[in-house]
Structure formats: structure tokens, C-alpha cells
Amino acid sequence: MVFKLGSAGPRVRTLQQQLQQRGFNPGQITGQYTAETEAAVRLFQQNVGLDVDGMAGPNTIAALAMPAITSNVTLAMVAQMFPQTPRTNIRFHLPFVLKGLLTRQLADRAMVLMALGTIRAEAAVFQPIDEQISEFNTPPGGAPFGKYDNRADLGNQGSPDGERFKGRGFVQLTGRANYRQIGQAIGLGSSLVNEPEMANEPEIAAQILAAFLRSKEMLLRQALAANDLAKARELVNGGHHGLSDFQDAFRIGQAVLPIVVRVQATVNAKPAPLSNG
């Protein structure tokens with residue numbers, strides 16, 4: 001999701017409103033990504049230490065909406081769990097993940113490790129992402145994600161459901177039925193089914209991850225208490241895809257995260273990124 005000069009729509013309008021609220025004048029709030037909006041984005045990017053390109057990509061979008069969270073789970077700790085990931089991505093998306101877990105009463109050490117390990121396995125760039133085309137979802141010479149089109153277990157109803165409800169977010173939510181169920185669980189009703197691209201918005205992606213873990217909480221805690229990381233991964237993924245990344249992140253996290261994890265929402269009109277400490 002990247003907005004730039006010429007982009008238009010309700011999400012551009014939201015972007016303009018957020019810029020205005022943060023004190024960066026985007027021009028008229030029209031839903032049109034104008035030269036004035038681009039200039040405001042450049043100033044904002046410079047202000048928060050992002051690459052200044054005038055385009056609103058995932059980190060800029062996240063930075064504009066970042067929740068005010070304090071935690072003893074720091075950027076430096078989480079970066080060790082994601083050795084190949086740009087620290088900037090973690091800096092601007094970690095607060096959303098922690099807030100999502102806090103909202104679902106899952107902000108303890110075991111479930112923070114579970115969430116971060118899951119992100120390492122499914123969205124290692126630490127941004128909500130689209131599932132990529134592969135032999136597992138697309139038939140040779142067929143439509144993208146065509147193998148999902150008629151999957152009854154996913155609740156899909158034929159083309160183009162496979163592509164429309166492909167994996168998205170931190171936890172790669174997949175299938176019409178899952179979009180409907182999780183959408184209702186996080187208070188979006190049918191909106192997530194009507195606009196599945198919302199699953200890649202940082203706040204919604206974090207809520208989806210937390211709600212999914214909450215739905216499996218008892219079984220996940222049992223698996224983690226038994227140190228059965230393969231079982232914990234299976235409960236989320238349905239198999240063992242990404243298991244080695246999940247295990248690596250989890251075990252590094254066990255060594256670097258504090259024994260008692262603290263996450264707290266704060267009152268702050270202009271949320272600042274988590275510290276590097």
C-alpha cells in the first residue's frame with residue numbers, strides 16, 4: 001500500500017486528515033493526493049526520521065497513526081529476533097502489535113513471544129503484507145490464487161474469492177470465512193469482507209493477529225508451557241510452514257525479553273516511536 005501524487009480515495013482523505021492533525025498542512029482535504037499533500041508528507045517524513053520521498057508507504061502510514069504505548073519490550077530487543085529486518089519497520093509497527101495484544105489481554109511474555117514469532121514466520125519484514133503467488137496457491141498457467149477459489153474449508157465461493165481473500169497482514173489471514181469471523185471479532189462487522197485490503201492497515205493487522213491468538217489462547221498456552229513450539233506453530237498455521245523462523249525468533253526472544261513484560265497505553269496527543277533502548 002503506497003500512496004503518491006495522483007492517488008485518490010477515502011484512504012488518501014484519511015491520510016490528509018492525519019497529516020493535518022499532526023500539524024502538517026496537506027492542503028484541502030479532498031481525497032486527492034496533491035502536490036501540497038506530497039509536500040506535507042515530505043515534511044512529516046523528515047520530522048520522524050523516515051526516508052524523504054513524498055510517498056506514503058507502510059512506515060509513513062504507520063507513523064501517522066502510531067498508538068501511544070510504553071513497554072519494556074524495546075526495539076533493540078525485537079531487532080535481535082528479526083536479524084534481517086530493517087529496524088525502521090519494527091520501530092513503526094511494533095507499537096501496533098503491542099497495543100493489539102494489550103487490548104486482548106495477551107500482553108504477557110509468552111503471548112508477546114508467540115506474536116513476534118508468528119510475525120517472523122509469516123511477515124518477517126515486520127509490516128503487514130500480501131501473500132505472494134506460489135505453487136501452493138496458483139495452478140500452472142492459472143489465475144492467481146486459483147487454488148483457493150473453491151476451498152470450502154476457507155469459505156470461498158469460487159473465482160475471484162481466491163485472490164480477493166488471499167493471505168494478508170501479520171498473520172496472513174486467508175479465506176472468506178476467516179475474514180468474516182475475524183472481522184466480527186474485532187468489531188468491523190462485514191467491513192473486512194467488503195474491503196479485505198483493510199487487513200494490511202497496521203492497526204487492523206495487529207488487531208487481527210491478537211484476535212486470532214486469543215481464539216487459540218488456551219491451546220497455545222498449553223503448547224508453550226510444554227515447550228512444544230511445533231505444536232504452537234501448527235495451531236496458528238495449520239502446519240509447520242515457517243517453523244524454523246518461528247523457533248529461532250522465539251528462542252532469541254526467550255533470551256532477550258524481560259521476564260516480566262510490561263505494556264501500557266499512554267495519553268499522548270502526538271505518539272512518539274518506541275525508544276531504541
# chains A, B, ... in the order shown; residues from 1 in each chain; ligands from 1

call {"tool": "residues_around", "arguments": {"residues": "Arg120 in chain A", "least_positions_apart": "3", "cutoff": "12 Å", "atoms": "only C-alpha atoms", "output": "compact mmCIF listing (two decimals) with N, CA and C atoms, in the first residue's frame"}}
result
# COMPACT_ATOMS: atom_id res chain seq x y z
N VAL A 78 13.66 -6.58 20.07
CA VAL A 78 12.92 -7.22 18.98
C VAL A 78 13.77 -7.31 17.73
N ALA A 79 14.64 -6.33 17.52
CA ALA A 79 15.53 -6.38 16.35
C ALA A 79 16.42 -7.62 16.38
N GLN A 80 16.79 -8.08 17.57
CA GLN A 80 17.59 -9.30 17.66
C GLN A 80 16.80 -10.52 17.19
N MET A 81 15.48 -10.48 17.34
CA MET A 81 14.62 -11.57 16.90
C MET A 81 14.38 -11.55 15.40
N PHE A 82 14.68 -10.38 14.78
CA PHE A 82 14.47 -10.18 13.35
C PHE A 82 15.76 -9.66 12.72
N PRO A 83 16.80 -10.51 12.66
CA PRO A 83 18.12 -10.02 12.26
C PRO A 83 18.20 -9.51 10.82
N GLN A 84 17.30 -9.92 9.95
CA GLN A 84 17.34 -9.49 8.56
C GLN A 84 16.34 -8.37 8.25
N THR A 85 15.67 -7.87 9.26
CA THR A 85 14.59 -6.91 9.06
C THR A 85 15.06 -5.49 9.33
N ILE A 90 10.35 -2.23 12.25
CA ILE A 90 9.98 -2.64 13.61
C ILE A 90 9.61 -1.41 14.42
N LEU A 113 5.92 -13.28 22.91
CA LEU A 113 6.83 -14.15 22.15
C LEU A 113 6.09 -14.88 21.04
N MET A 114 4.88 -15.35 21.33
CA MET A 114 4.08 -16.06 20.33
C MET A 114 3.76 -15.13 19.16
N ALA A 115 3.36 -13.92 19.47
CA ALA A 115 3.00 -12.96 18.41
C ALA A 115 4.21 -12.60 17.56
N LEU A 116 5.33 -12.31 18.20
CA LEU A 116 6.51 -11.91 17.45
C LEU A 116 7.06 -13.07 16.64
N GLY A 117 7.04 -14.29 17.21
CA GLY A 117 7.47 -15.46 16.45
C GLY A 117 6.60 -15.70 15.23
N ALA A 123 5.46 -12.73 8.25
CA ALA A 123 5.65 -11.38 7.70
C ALA A 123 6.96 -10.83 8.25
N ALA A 124 8.06 -11.48 7.89
CA ALA A 124 9.35 -11.20 8.51
C ALA A 124 9.84 -9.77 8.27
N VAL A 125 9.27 -9.06 7.30
CA VAL A 125 9.64 -7.66 7.10
C VAL A 125 9.06 -6.77 8.18
N PHE A 126 8.24 -7.34 9.05
CA PHE A 126 7.57 -6.62 10.14
C PHE A 126 6.71 -5.48 9.61
N GLN A 127 6.00 -5.78 8.55
CA GLN A 127 4.94 -4.94 8.02
C GLN A 127 3.83 -5.87 7.58
N PRO A 128 2.58 -5.45 7.64
CA PRO A 128 1.51 -6.28 7.08
C PRO A 128 1.71 -6.42 5.58
N PHE A 170 -0.19 -9.45 9.37
CA PHE A 170 0.92 -10.03 10.13
C PHE A 170 0.78 -11.54 10.24
N VAL A 171 -0.46 -12.04 10.20
CA VAL A 171 -0.71 -13.46 10.41
C VAL A 171 -1.25 -14.14 9.15
N GLN A 172 -1.26 -13.42 8.03
CA GLN A 172 -1.69 -13.96 6.74
C GLN A 172 -3.09 -14.58 6.82
N ARG A 233 3.11 -23.55 16.59
CA ARG A 233 3.09 -23.06 15.21
C ARG A 233 1.96 -23.71 14.41
N HIS A 241 4.73 -24.67 8.18
CA HIS A 241 5.38 -23.69 7.31
C HIS A 241 5.95 -22.55 8.17
N GLY A 242 7.21 -22.20 7.95
CA GLY A 242 7.84 -21.14 8.72
C GLY A 242 8.28 -21.54 10.11
N LEU A 243 8.26 -22.84 10.40
CA LEU A 243 8.57 -23.29 11.76
C LEU A 243 9.97 -22.89 12.20
N SER A 244 10.97 -23.03 11.33
CA SER A 244 12.34 -22.73 11.75
C SER A 244 12.49 -21.25 12.10
N ASP A 245 11.86 -20.36 11.33
CA ASP A 245 11.91 -18.93 11.65
C ASP A 245 11.18 -18.65 12.95
N PHE A 246 10.03 -19.29 13.13
CA PHE A 246 9.27 -19.12 14.37
C PHE A 246 10.11 -19.56 15.57
N GLN A 247 10.71 -20.73 15.49
CA GLN A 247 11.52 -21.25 16.59
C GLN A 247 12.71 -20.35 16.87
N ASP A 248 13.38 -19.89 15.82
CA ASP A 248 14.56 -19.04 16.00
C ASP A 248 14.19 -17.74 16.71
N ALA A 249 13.12 -17.09 16.23
CA ALA A 249 12.70 -15.84 16.86
C ALA A 249 12.26 -16.07 18.30
N PHE A 250 11.51 -17.13 18.54
CA PHE A 250 11.00 -17.41 19.87
C PHE A 250 12.15 -17.63 20.85
N ILE A 252 15.36 -16.70 20.58
CA ILE A 252 16.10 -15.46 20.82
C ILE A 252 15.32 -14.58 21.78
N GLY A 253 14.00 -14.50 21.56
CA GLY A 253 13.15 -13.70 22.44
C GLY A 253 13.19 -14.17 23.88

call {"tool": "closest_atom_pairs", "arguments": {"of": "range 33-104 of chain A", "to": "range 13-16 of chain A", "cutoff": "8 Å", "atoms": "only C-alpha atoms", "output": "tab-separated table"}}
result
residue	atom	partner	partner_atom	distance
A:Thr37	CA	A:Gln16	CA	6.9
A:Ile61	CA	A:Leu15	CA	7.5
A:Leu64	CA	A:Leu15	CA	7.9

call {"tool": "residues_around", "arguments": {"residues": "Asn150 in chain A", "least_positions_apart": "6", "cutoff": "8 Å", "atoms": "only C-alpha atoms", "output": "list of chain:residue names"}}
result
A:Asn156, A:Gln157, A:Gly158, A:Ser159, A:Asp161, A:Gly162

call {"tool": "closest_residue", "arguments": {"among": "A:Ile129, A:Lys4, A:Met111, A:Val193", "to": "Leu219 in chain A", "atoms": "only C-alpha atoms"}}
result
A:Met111

call {"tool": "select_by_dssp", "arguments": {"residues": "range 94-171 of chain A", "states": "alpha helix (DSSP H)", "output": "PDB file with N, CA and C atoms, in the first residue's frame"}}
result
ATOM      1  N   LEU A  94       5.862  -2.091  15.689  1.00  0.00           N
ATOM      2  CA  LEU A  94       5.812  -2.775  16.980  1.00  0.00           C
ATOM      3  C   LEU A  94       4.756  -2.182  17.924  1.00  0.00           C
ATOM      4  N   PRO A  95       4.596  -0.857  17.999  1.00  0.00           N
ATOM      5  CA  PRO A  95       3.572  -0.330  18.914  1.00  0.00           C
ATOM      6  C   PRO A  95       2.171  -0.829  18.600  1.00  0.00           C
ATOM      7  N   PHE A  96       1.843  -1.018  17.324  1.00  0.00           N
ATOM      8  CA  PHE A  96       0.526  -1.532  16.967  1.00  0.00           C
ATOM      9  C   PHE A  96       0.347  -2.960  17.482  1.00  0.00           C
ATOM     10  N   VAL A  97       1.385  -3.775  17.331  1.00  0.00           N
ATOM     11  CA  VAL A  97       1.321  -5.170  17.786  1.00  0.00           C
ATOM     12  C   VAL A  97       1.130  -5.226  19.296  1.00  0.00           C
ATOM     13  N   LEU A  98       1.900  -4.434  20.013  1.00  0.00           N
ATOM     14  CA  LEU A  98       1.794  -4.436  21.470  1.00  0.00           C
ATOM     15  C   LEU A  98       0.427  -3.929  21.928  1.00  0.00           C
ATOM     16  N   LYS A  99      -0.089  -2.898  21.248  1.00  0.00           N
ATOM     17  CA  LYS A  99      -1.409  -2.398  21.614  1.00  0.00           C
ATOM     18  C   LYS A  99      -2.478  -3.456  21.351  1.00  0.00           C
ATOM     19  N   GLY A 100      -2.377  -4.159  20.213  1.00  0.00           N
ATOM     20  CA  GLY A 100      -3.350  -5.203  19.914  1.00  0.00           C
ATOM     21  C   GLY A 100      -3.361  -6.280  20.977  1.00  0.00           C
ATOM     22  N   LEU A 101      -2.167  -6.700  21.419  1.00  0.00           N
ATOM     23  CA  LEU A 101      -2.082  -7.714  22.467  1.00  0.00           C
ATOM     24  C   LEU A 101      -2.635  -7.181  23.789  1.00  0.00           C
ATOM     25  N   LEU A 102      -2.329  -5.929  24.099  1.00  0.00           N
ATOM     26  CA  LEU A 102      -2.837  -5.329  25.336  1.00  0.00           C
ATOM     27  C   LEU A 102      -4.360  -5.291  25.328  1.00  0.00           C
ATOM     28  N   THR A 103      -4.936  -4.927  24.201  1.00  0.00           N
ATOM     29  CA  THR A 103      -6.393  -4.840  24.091  1.00  0.00           C
ATOM     30  C   THR A 103      -7.056  -6.191  24.331  1.00  0.00           C
ATOM     31  N   ARG A 109       4.549 -12.241  28.658  1.00  0.00           N
ATOM     32  CA  ARG A 109       5.763 -12.667  27.960  1.00  0.00           C
ATOM     33  C   ARG A 109       5.489 -13.788  26.964  1.00  0.00           C
ATOM     34  N   ALA A 110       4.738 -14.807  27.371  1.00  0.00           N
ATOM     35  CA  ALA A 110       4.503 -15.957  26.493  1.00  0.00           C
ATOM     36  C   ALA A 110       3.790 -15.542  25.213  1.00  0.00           C
ATOM     37  N   MET A 111       2.770 -14.686  25.334  1.00  0.00           N
ATOM     38  CA  MET A 111       1.983 -14.336  24.158  1.00  0.00           C
ATOM     39  C   MET A 111       2.673 -13.260  23.319  1.00  0.00           C
ATOM     40  N   VAL A 112       3.480 -12.416  23.931  1.00  0.00           N
ATOM     41  CA  VAL A 112       4.295 -11.492  23.134  1.00  0.00           C
ATOM     42  C   VAL A 112       5.289 -12.286  22.294  1.00  0.00           C
ATOM     43  N   LEU A 113       5.923 -13.283  22.911  1.00  0.00           N
ATOM     44  CA  LEU A 113       6.831 -14.149  22.150  1.00  0.00           C
ATOM     45  C   LEU A 113       6.089 -14.879  21.042  1.00  0.00           C
ATOM     46  N   MET A 114       4.881 -15.354  21.331  1.00  0.00           N
ATOM     47  CA  MET A 114       4.084 -16.060  20.330  1.00  0.00           C
ATOM     48  C   MET A 114       3.757 -15.134  19.158  1.00  0.00           C
ATOM     49  N   ALA A 115       3.359 -13.916  19.466  1.00  0.00           N
ATOM     50  CA  ALA A 115       3.002 -12.959  18.415  1.00  0.00           C
ATOM     51  C   ALA A 115       4.213 -12.603  17.562  1.00  0.00           C
ATOM     52  N   LEU A 116       5.327 -12.310  18.205  1.00  0.00           N
ATOM     53  CA  LEU A 116       6.514 -11.911  17.452  1.00  0.00           C
ATOM     54  C   LEU A 116       7.065 -13.073  16.641  1.00  0.00           C
ATOM     55  N   GLY A 117       7.041 -14.288  17.207  1.00  0.00           N
ATOM     56  CA  GLY A 117       7.475 -15.455  16.447  1.00  0.00           C
ATOM     57  C   GLY A 117       6.603 -15.696  15.230  1.00  0.00           C
ATOM     58  N   THR A 118       5.299 -15.462  15.390  1.00  0.00           N
ATOM     59  CA  THR A 118       4.374 -15.624  14.271  1.00  0.00           C
ATOM     60  C   THR A 118       4.669 -14.608  13.173  1.00  0.00           C
ATOM     61  N   ILE A 119       4.948 -13.370  13.556  1.00  0.00           N
ATOM     62  CA  ILE A 119       5.286 -12.356  12.562  1.00  0.00           C
ATOM     63  C   ILE A 119       6.570 -12.734  11.829  1.00  0.00           C
ATOM     64  N   ARG A 120       7.549 -13.230  12.557  1.00  0.00           N
ATOM     65  CA  ARG A 120       8.805 -13.654  11.909  1.00  0.00           C
ATOM     66  C   ARG A 120       8.533 -14.750  10.878  1.00  0.00           C
ATOM     67  N   ALA A 121       7.611 -15.662  11.180  1.00  0.00           N
ATOM     68  CA  ALA A 121       7.309 -16.774  10.279  1.00  0.00           C
ATOM     69  C   ALA A 121       6.461 -16.347   9.084  1.00  0.00           C
ATOM     70  N   GLU A 122       5.615 -15.333   9.256  1.00  0.00           N
ATOM     71  CA  GLU A 122       4.628 -15.023   8.220  1.00  0.00           C
ATOM     72  C   GLU A 122       4.801 -13.661   7.567  1.00  0.00           C
ATOM     73  N   ASP A 161     -12.739 -15.273  -5.376  1.00  0.00           N
ATOM     74  CA  ASP A 161     -12.536 -15.306  -3.923  1.00  0.00           C
ATOM     75  C   ASP A 161     -11.101 -15.652  -3.547  1.00  0.00           C
ATOM     76  N   GLY A 162     -10.446 -16.509  -4.336  1.00  0.00           N
ATOM     77  CA  GLY A 162      -9.083 -16.896  -4.001  1.00  0.00           C
ATOM     78  C   GLY A 162      -8.165 -15.702  -3.895  1.00  0.00           C
ATOM     79  N   GLU A 163      -8.211 -14.847  -4.915  1.00  0.00           N
ATOM     80  CA  GLU A 163      -7.353 -13.657  -4.913  1.00  0.00           C
ATOM     81  C   GLU A 163      -7.883 -12.598  -3.957  1.00  0.00           C
ATOM     82  N   ARG A 164      -9.192 -12.441  -3.904  1.00  0.00           N
ATOM     83  CA  ARG A 164      -9.793 -11.404  -3.066  1.00  0.00           C
ATOM     84  C   ARG A 164      -9.492 -11.638  -1.587  1.00  0.00           C
TER      85      ARG A 164
END

call {"tool": "atom_distance", "arguments": {"atom1": "CA of Gly9 in chain A", "atom2": "CA of Gln32 in chain A"}}
result
6.8 Å

call {"tool": "atom_distance", "arguments": {"atom1": "CA of Leu235 in chain A", "atom2": "CA of Lys216 in chain A"}}
result
7.3 Å

call {"tool": "residues_around", "arguments": {"residues": "Pro196 in chain A", "least_positions_apart": "5", "cutoff": "8 Å", "atoms": "only C-alpha atoms", "output": "ChimeraX atom specification"}}
result
/A:164-165,179,191

call {"tool": "write_last_selection", "arguments": {"atoms": "N, CA and C atoms", "output": "compact mmCIF listing (two decimals), in the first residue's frame"}}
result
# COMPACT_ATOMS: atom_id res chain seq x y z
N ARG A 164 -9.19 -12.44 -3.90
CA ARG A 164 -9.79 -11.40 -3.07
C ARG A 164 -9.49 -11.64 -1.59
N PHE A 165 -9.51 -12.92 -1.18
CA PHE A 165 -9.30 -13.25 0.23
C PHE A 165 -7.99 -14.02 0.43
N TYR A 179 -12.01 -14.06 7.09
CA TYR A 179 -12.19 -12.61 7.06
C TYR A 179 -13.49 -12.21 7.77
N SER A 191 -17.30 -5.28 7.25
CA SER A 191 -16.41 -4.37 6.52
C SER A 191 -15.17 -5.06 6.00

call {"tool": "residues_around", "arguments": {"residues": "Ala205 in chain A", "least_positions_apart": "5", "cutoff": "6 Å", "atoms": "only C-alpha atoms", "output": "ChimeraX atom specification"}}
result
/A:169-170,199-200

call {"tool": "select_by_dssp", "arguments": {"residues": "range 22-80 of chain A", "states": "strand (DSSP E or B)", "output": "ChimeraX atom specification"}}
result
/A:32,56,69-71

call {"tool": "atom_distance", "arguments": {"atom1": "CA of Ala62 in chain A", "atom2": "CA of Glu203 in chain A"}}
result
8.1 Å

call {"tool": "residues_around", "arguments": {"residues": "Thr138 in chain A", "least_positions_apart": "4", "cutoff": "10 Å", "atoms": "only C-alpha atoms", "output": "NGL selection string"}}
result
:A and (132-134 or 142-149 or 162-163)

call {"tool": "closest_residue", "arguments": {"among": "A:Asp108, A:Ala225, A:Gly167, A:Asp130", "to": "Ser71 in chain A", "atoms": "only C-alpha atoms"}}
result
A:Asp108

call {"tool": "closest_residue", "arguments": {"among": "A:Asn178, A:Gln20, A:Gln28, A:Ser215", "to": "Leu43 in chain A", "atoms": "only C-alpha atoms"}}
result
A:Gln20

call {"tool": "residues_around", "arguments": {"residues": "Gly183 in chain A", "least_positions_apart": "4", "cutoff": "12 Å", "atoms": "only C-alpha atoms", "output": "PyMOL selection string"}}
result
chain A and resi 173+175-179+187-196+198-199+204-205+207-209+211-212

call {"tool": "closest_residue", "arguments": {"among": "A:Val2, A:Ala232, A:Leu106, A:Met77", "to": "Met55 in chain A", "atoms": "only C-alpha atoms"}}
result
A:Val2
